[in-house]
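A.B. asks: Let me give you the structure first, and then I'll get to my questions.
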Amino acid sequence: LLRVLDLLHAEIGSKASLAGGIEALRDRDLVHIRMRDNVDSPLEVAIPGEGLYVAGSDRLEITRTTDPTTRFTSDKNTAFVDAKCIQGEMNWRRWQDGDRFTPFGLDGSVLVSDLLTNEHVPHDRRRSVPVVADDEGILWVCGLRPAERTRITDATTEVLTLQYEHINDN
């Protein structure tokens, strides 16, 4: 109990391990108590093409279409990217300190950590947010924003649809 009470005065993002695989996490005005996540587990999945990719409790499905009329969706767990904009090999991984990209609709680049803060992603969930990247950088911060450089335009001939799902969200 004292560990949890200490979190009330600790910095945002502070954690306390409790018995039975439970942890308490300080996030803004709240202390969350939940089962401990294993977000430190590596996520580095090569994406050679279309298909369903599974890593722990995360799923990423990629499909390809030649119908460029699909451009927008209100579902933040789905992104559309111009397949011709992919540079080299795609991979699915956790974001890293210093990762930067230009989000769809913006002129300048931002740090992924700043995007997570601006989108009010709870501090205890930030390290578990995955990204899809290629040899040139981030294509999509899963569940948040695709990159501007992969925007669907009138010249787009092939569209990749990326669908992300976190299955066991505590």
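Residue numbering restarts at 1 for every chain of the structure tokens, chains are lettered A, B, ... in their displayed order, and ligands are numbered from 1 as they appear.
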Compile a residue-level contact table for segment 15-84 of chain A against segment 112-126 of chain A at a cut-off of 8 Å, reporting for every qualifying residue the shortest atom pair and its distance in Å to one decimal, with only C-alpha atoms counted, rows ordered by chain and ascending number, as a tab-separated table.
C.D. replies:
```
residue	atom	partner	partner_atom	distance
A:Leu25	CA	A:Asp124	CA	6.7
A:Arg26	CA	A:Asp124	CA	8.0
A:Asp27	CA	A:His123	CA	5.9
```
A.B. asks: Where does DSSP see helix (DSSP H, G or I) in segment 82-152 of chain A, if you list the residues as an NGL selection string?
C.D. replies: :A and (83-85 or 112-118 or 123-128 or 148-150)
A.B. asks: Could those residues be written to a file, using C-alpha atoms, as an mmCIF file, in the first residue's frame?
C.D. replies:
```cif
data_model
loop_
_atom_site.group_PDB
_atom_site.id
_atom_site.type_symbol
_atom_site.label_atom_id
_atom_site.label_comp_id
_atom_site.auth_asym_id
_atom_site.auth_seq_id
_atom_site.Cartn_x
_atom_site.Cartn_y
_atom_site.Cartn_z
ATOM 1 C CA ALA A 83 2.707 1.327 -52.307
ATOM 2 C CA LYS A 84 5.045 3.142 -54.732
ATOM 3 C CA CYS A 85 6.329 5.302 -51.841
ATOM 4 C CA VAL A 112 7.222 10.078 -32.098
ATOM 5 C CA SER A 113 7.492 10.722 -28.354
ATOM 6 C CA ASP A 114 5.979 14.204 -28.891
ATOM 7 C CA LEU A 115 3.187 12.787 -31.052
ATOM 8 C CA LEU A 116 2.314 10.309 -28.289
ATOM 9 C CA THR A 117 2.194 13.140 -25.751
ATOM 10 C CA ASN A 118 0.075 15.359 -28.038
ATOM 11 C CA HIS A 123 2.334 7.269 -20.260
ATOM 12 C CA ASP A 124 2.303 3.577 -19.327
ATOM 13 C CA ARG A 125 1.248 2.627 -22.890
ATOM 14 C CA ARG A 126 3.693 4.757 -24.854
ATOM 15 C CA ARG A 127 6.589 2.275 -25.016
ATOM 16 C CA SER A 128 4.293 -0.407 -26.411
ATOM 17 C CA GLU A 148 2.768 12.419 -45.163
ATOM 18 C CA ARG A 149 5.172 10.894 -47.713
ATOM 19 C CA THR A 150 2.860 7.903 -48.249
#
```
A.B. asks: Need to verify the contact set: Ser14 of chain A, 12 Å, only C-alpha atoms, exclusion of same-chain residues closer than 2 positions in sequence. Can you return it as JSON, numbers by chain?
C.D. replies: {"A": [3, 4, 5, 6, 7, 8, 9, 10, 11, 12, 16, 17, 23, 24, 25, 26, 27, 28, 30, 31, 32, 123, 124]}
A.B. asks: Using only C-alpha atoms, which protein or nucleic acid residues come within 6 Å of segment 131-137 of chain A? Drop anything in the same chain fewer than 3 positions from it, and give the result as a count of residues only.
C.D. replies: 12
A.B. asks: Among chain A, which ones does DSSP place in strand (DSSP E), written as an mmCIF file with N, CA and C atoms, in the first residue's frame?
C.D. replies:
```
data_model
loop_
_atom_site.group_PDB
_atom_site.id
_atom_site.type_symbol
_atom_site.label_atom_id
_atom_site.label_comp_id
_atom_site.auth_asym_id
_atom_site.auth_seq_id
_atom_site.Cartn_x
_atom_site.Cartn_y
_atom_site.Cartn_z
ATOM 1 N N LYS A 15 6.585 3.705 -11.734
ATOM 2 C CA LYS A 15 5.916 2.425 -11.533
ATOM 3 C C LYS A 15 6.320 1.828 -10.196
ATOM 4 N N ALA A 16 5.444 0.972 -9.685
ATOM 5 C CA ALA A 16 5.754 0.192 -8.490
ATOM 6 C C ALA A 16 5.284 -1.233 -8.749
ATOM 7 N N SER A 17 6.193 -2.190 -8.581
ATOM 8 C CA SER A 17 5.830 -3.602 -8.739
ATOM 9 C C SER A 17 5.141 -4.085 -7.477
ATOM 10 N N LEU A 18 4.046 -4.793 -7.680
ATOM 11 C CA LEU A 18 3.283 -5.350 -6.570
ATOM 12 C C LEU A 18 3.281 -6.868 -6.710
ATOM 13 N N ILE A 22 1.368 -7.807 -10.617
ATOM 14 C CA ILE A 22 0.590 -6.568 -10.722
ATOM 15 C C ILE A 22 1.536 -5.385 -10.551
ATOM 16 N N GLU A 23 1.210 -4.292 -11.221
ATOM 17 C CA GLU A 23 1.996 -3.071 -11.058
ATOM 18 C C GLU A 23 1.069 -1.881 -10.942
ATOM 19 N N ALA A 24 1.568 -0.857 -10.280
ATOM 20 C CA ALA A 24 0.863 0.416 -10.163
ATOM 21 C C ALA A 24 1.652 1.428 -10.982
ATOM 22 N N LEU A 25 0.934 2.266 -11.745
ATOM 23 C CA LEU A 25 1.574 3.215 -12.650
ATOM 24 C C LEU A 25 1.008 4.608 -12.430
ATOM 25 N N ARG A 26 1.878 5.599 -12.330
ATOM 26 C CA ARG A 26 1.468 7.004 -12.169
ATOM 27 C C ARG A 26 1.306 7.631 -13.541
ATOM 28 N N ASP A 27 0.103 8.135 -13.838
ATOM 29 C CA ASP A 27 -0.160 8.791 -15.121
ATOM 30 C C ASP A 27 -1.027 10.015 -14.874
ATOM 31 N N LEU A 30 -3.860 10.220 -12.167
ATOM 32 C CA LEU A 30 -4.330 8.900 -11.748
ATOM 33 C C LEU A 30 -3.177 7.961 -11.434
ATOM 34 N N VAL A 31 -3.484 6.938 -10.653
ATOM 35 C CA VAL A 31 -2.578 5.804 -10.466
ATOM 36 C C VAL A 31 -3.347 4.582 -10.962
ATOM 37 N N HIS A 32 -2.817 3.932 -11.999
ATOM 38 C CA HIS A 32 -3.456 2.745 -12.562
ATOM 39 C C HIS A 32 -2.865 1.504 -11.894
ATOM 40 N N ILE A 33 -3.713 0.541 -11.601
ATOM 41 C CA ILE A 33 -3.254 -0.747 -11.081
ATOM 42 C C ILE A 33 -3.715 -1.797 -12.071
ATOM 43 N N ARG A 34 -2.742 -2.591 -12.581
ATOM 44 C CA ARG A 34 -3.066 -3.567 -13.620
ATOM 45 C C ARG A 34 -2.023 -4.668 -13.663
ATOM 46 N N MET A 35 -2.312 -5.672 -14.465
ATOM 47 C CA MET A 35 -1.337 -6.743 -14.670
ATOM 48 C C MET A 35 -0.143 -6.162 -15.408
ATOM 49 N N GLU A 44 10.259 -6.897 -33.660
ATOM 50 C CA GLU A 44 10.997 -6.592 -34.886
ATOM 51 C C GLU A 44 10.587 -7.644 -35.895
ATOM 52 N N VAL A 45 9.592 -7.291 -36.707
ATOM 53 C CA VAL A 45 9.026 -8.235 -37.657
ATOM 54 C C VAL A 45 9.259 -7.702 -39.064
ATOM 55 N N ALA A 46 9.939 -8.492 -39.882
ATOM 56 C CA ALA A 46 10.121 -8.136 -41.293
ATOM 57 C C ALA A 46 8.789 -8.324 -42.007
ATOM 58 N N ILE A 47 8.476 -7.409 -42.915
ATOM 59 C CA ILE A 47 7.224 -7.468 -43.660
ATOM 60 C C ILE A 47 7.577 -7.598 -45.142
ATOM 61 N N GLY A 51 -0.178 -9.918 -45.957
ATOM 62 C CA GLY A 51 -0.379 -11.019 -45.035
ATOM 63 C C GLY A 51 -0.758 -10.548 -43.657
ATOM 64 N N LEU A 52 -0.911 -11.524 -42.771
ATOM 65 C CA LEU A 52 -1.224 -11.261 -41.373
ATOM 66 C C LEU A 52 0.018 -11.533 -40.556
ATOM 67 N N TYR A 53 0.424 -10.557 -39.753
ATOM 68 C CA TYR A 53 1.609 -10.672 -38.912
ATOM 69 C C TYR A 53 1.155 -10.568 -37.461
ATOM 70 N N VAL A 54 1.658 -11.470 -36.623
ATOM 71 C CA VAL A 54 1.272 -11.507 -35.220
ATOM 72 C C VAL A 54 2.531 -11.473 -34.370
ATOM 73 N N ALA A 55 2.531 -10.606 -33.364
ATOM 74 C CA ALA A 55 3.640 -10.516 -32.404
ATOM 75 C C ALA A 55 3.024 -10.320 -31.032
ATOM 76 N N ASP A 58 -0.271 -8.315 -30.455
ATOM 77 C CA ASP A 58 -0.469 -7.358 -31.542
ATOM 78 C C ASP A 58 -0.635 -8.090 -32.869
ATOM 79 N N ARG A 59 -1.511 -7.542 -33.706
ATOM 80 C CA ARG A 59 -1.734 -8.090 -35.046
ATOM 81 C C ARG A 59 -1.630 -6.957 -36.050
ATOM 82 N N LEU A 60 -1.018 -7.254 -37.190
ATOM 83 C CA LEU A 60 -0.932 -6.302 -38.288
ATOM 84 C C LEU A 60 -1.285 -7.045 -39.558
ATOM 85 N N GLU A 61 -2.309 -6.563 -40.254
ATOM 86 C CA GLU A 61 -2.697 -7.174 -41.520
ATOM 87 C C GLU A 61 -2.461 -6.183 -42.643
ATOM 88 N N ILE A 62 -1.830 -6.668 -43.707
ATOM 89 C CA ILE A 62 -1.514 -5.817 -44.849
ATOM 90 C C ILE A 62 -2.141 -6.419 -46.096
ATOM 91 N N THR A 63 -2.917 -5.599 -46.795
ATOM 92 C CA THR A 63 -3.510 -6.011 -48.061
ATOM 93 C C THR A 63 -3.169 -4.972 -49.119
ATOM 94 N N ARG A 64 -3.183 -5.399 -50.369
ATOM 95 C CA ARG A 64 -2.834 -4.522 -51.491
ATOM 96 C C ARG A 64 -4.023 -4.458 -52.442
ATOM 97 N N THR A 65 -4.288 -3.266 -52.945
ATOM 98 C CA THR A 65 -5.360 -3.087 -53.918
ATOM 99 C C THR A 65 -4.897 -2.106 -54.993
ATOM 100 N N THR A 78 -6.508 1.790 -38.903
ATOM 101 C CA THR A 78 -6.340 1.485 -40.321
ATOM 102 C C THR A 78 -5.630 2.657 -40.989
ATOM 103 N N ALA A 79 -4.650 2.323 -41.817
ATOM 104 C CA ALA A 79 -3.935 3.359 -42.579
ATOM 105 C C ALA A 79 -3.829 2.912 -44.025
ATOM 106 N N PHE A 80 -3.883 3.885 -44.934
ATOM 107 C CA PHE A 80 -3.712 3.623 -46.358
ATOM 108 C C PHE A 80 -2.423 4.304 -46.811
ATOM 109 N N VAL A 81 -1.569 3.563 -47.499
ATOM 110 C CA VAL A 81 -0.313 4.142 -47.972
ATOM 111 C C VAL A 81 -0.133 3.821 -49.456
ATOM 112 N N ASP A 82 0.505 4.742 -50.145
ATOM 113 C CA ASP A 82 0.829 4.564 -51.556
ATOM 114 C C ASP A 82 1.973 3.555 -51.643
ATOM 115 N N MET A 90 9.984 -3.248 -45.612
ATOM 116 C CA MET A 90 9.169 -2.759 -44.500
ATOM 117 C C MET A 90 9.419 -3.630 -43.275
ATOM 118 N N ASN A 91 9.275 -3.006 -42.105
ATOM 119 C CA ASN A 91 9.342 -3.760 -40.854
ATOM 120 C C ASN A 91 8.366 -3.152 -39.861
ATOM 121 N N TRP A 92 8.024 -3.955 -38.888
ATOM 122 C CA TRP A 92 7.079 -3.578 -37.836
ATOM 123 C C TRP A 92 7.839 -3.692 -36.530
ATOM 124 N N ARG A 93 7.903 -2.613 -35.787
ATOM 125 C CA ARG A 93 8.732 -2.589 -34.586
ATOM 126 C C ARG A 93 8.170 -1.589 -33.585
ATOM 127 N N ARG A 94 8.722 -1.611 -32.395
ATOM 128 C CA ARG A 94 8.390 -0.576 -31.413
ATOM 129 C C ARG A 94 9.159 0.694 -31.788
ATOM 130 N N ARG A 100 11.650 9.994 -35.638
ATOM 131 C CA ARG A 100 11.021 11.217 -36.119
ATOM 132 C C ARG A 100 10.365 10.919 -37.459
ATOM 133 N N PHE A 101 9.236 11.570 -37.722
ATOM 134 C CA PHE A 101 8.591 11.451 -39.031
ATOM 135 C C PHE A 101 7.696 12.655 -39.265
ATOM 136 N N VAL A 110 8.063 15.538 -36.588
ATOM 137 C CA VAL A 110 7.903 15.532 -35.139
ATOM 138 C C VAL A 110 8.542 14.269 -34.583
ATOM 139 N N LEU A 111 8.941 14.335 -33.338
ATOM 140 C CA LEU A 111 9.397 13.129 -32.652
ATOM 141 C C LEU A 111 8.178 12.275 -32.330
ATOM 142 N N PRO A 130 3.592 0.420 -31.506
ATOM 143 C CA PRO A 130 4.456 0.011 -32.612
ATOM 144 C C PRO A 130 4.393 0.983 -33.786
ATOM 145 N N VAL A 131 5.364 0.854 -34.671
ATOM 146 C CA VAL A 131 5.400 1.620 -35.910
ATOM 147 C C VAL A 131 5.668 0.661 -37.061
ATOM 148 N N VAL A 132 5.257 1.072 -38.245
ATOM 149 C CA VAL A 132 5.643 0.392 -39.477
ATOM 150 C C VAL A 132 6.610 1.338 -40.167
ATOM 151 N N ALA A 133 7.754 0.805 -40.562
ATOM 152 C CA ALA A 133 8.796 1.637 -41.166
ATOM 153 C C ALA A 133 9.355 0.951 -42.412
ATOM 154 N N ASP A 134 10.067 1.724 -43.211
ATOM 155 C CA ASP A 134 10.818 1.170 -44.331
ATOM 156 C C ASP A 134 12.245 1.688 -44.219
ATOM 157 N N GLY A 137 12.312 5.433 -43.238
ATOM 158 C CA GLY A 137 11.771 5.916 -41.971
ATOM 159 C C GLY A 137 10.381 5.394 -41.693
ATOM 160 N N ILE A 138 9.704 6.058 -40.797
ATOM 161 C CA ILE A 138 8.388 5.620 -40.331
ATOM 162 C C ILE A 138 7.315 5.907 -41.368
ATOM 163 N N LEU A 139 6.501 4.873 -41.629
ATOM 164 C CA LEU A 139 5.358 4.987 -42.535
ATOM 165 C C LEU A 139 4.066 5.237 -41.763
ATOM 166 N N TRP A 140 4.006 4.674 -40.545
ATOM 167 C CA TRP A 140 2.778 4.776 -39.758
ATOM 168 C C TRP A 140 3.091 4.526 -38.297
ATOM 169 N N VAL A 141 2.619 5.398 -37.429
ATOM 170 C CA VAL A 141 2.620 5.134 -35.994
ATOM 171 C C VAL A 141 1.281 4.448 -35.759
ATOM 172 N N ARG A 145 -1.118 7.940 -36.571
ATOM 173 C CA ARG A 145 -0.978 8.754 -37.785
ATOM 174 C C ARG A 145 -0.071 8.089 -38.810
ATOM 175 N N PRO A 146 -0.485 8.099 -40.096
ATOM 176 C CA PRO A 146 0.433 7.671 -41.161
ATOM 177 C C PRO A 146 1.350 8.840 -41.536
ATOM 178 N N VAL A 159 -2.487 0.701 -53.554
ATOM 179 C CA VAL A 159 -2.672 1.120 -52.165
ATOM 180 C C VAL A 159 -2.427 -0.074 -51.244
ATOM 181 N N LEU A 160 -1.631 0.155 -50.204
ATOM 182 C CA LEU A 160 -1.487 -0.833 -49.142
ATOM 183 C C LEU A 160 -2.406 -0.411 -48.006
ATOM 184 N N THR A 161 -3.228 -1.339 -47.546
ATOM 185 C CA THR A 161 -4.076 -1.095 -46.378
ATOM 186 C C THR A 161 -3.419 -1.791 -45.203
ATOM 187 N N LEU A 162 -3.120 -1.028 -44.153
ATOM 188 C CA LEU A 162 -2.502 -1.552 -42.939
ATOM 189 C C LEU A 162 -3.549 -1.506 -41.838
ATOM 190 N N GLN A 163 -3.812 -2.651 -41.211
ATOM 191 C CA GLN A 163 -4.785 -2.702 -40.124
ATOM 192 C C GLN A 163 -4.103 -3.271 -38.893
ATOM 193 N N TYR A 164 -4.155 -2.491 -37.812
ATOM 194 C CA TYR A 164 -3.484 -2.860 -36.567
ATOM 195 C C TYR A 164 -4.518 -3.176 -35.497
ATOM 196 N N GLU A 165 -4.200 -4.173 -34.658
ATOM 197 C CA GLU A 165 -5.070 -4.498 -33.532
ATOM 198 C C GLU A 165 -4.215 -4.975 -32.368
ATOM 199 N N HIS A 166 -4.491 -4.408 -31.198
ATOM 200 C CA HIS A 166 -3.883 -4.892 -29.952
ATOM 201 C C HIS A 166 -4.948 -5.727 -29.278
#
```
A.B. asks: Could you check how far atom CA of Thr69 of chain A sits from atom CA of Thr156 of chain A, in Å to one decimal?
C.D. replies: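 Computed distance, atom CA of Thr69 of chain A to atom CA of Thr156 of chain A, equals 9.2 Å.
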A.B. asks: Could you tell me how far atom CA of Thr153 of chain A lies from atom CA of Val129 of chain A, in Å and to one decimal?
C.D. replies: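 So the two atoms, atom CA of Thr153 of chain A and atom CA of Val129 of chain A, lie 27.4 Å apart.
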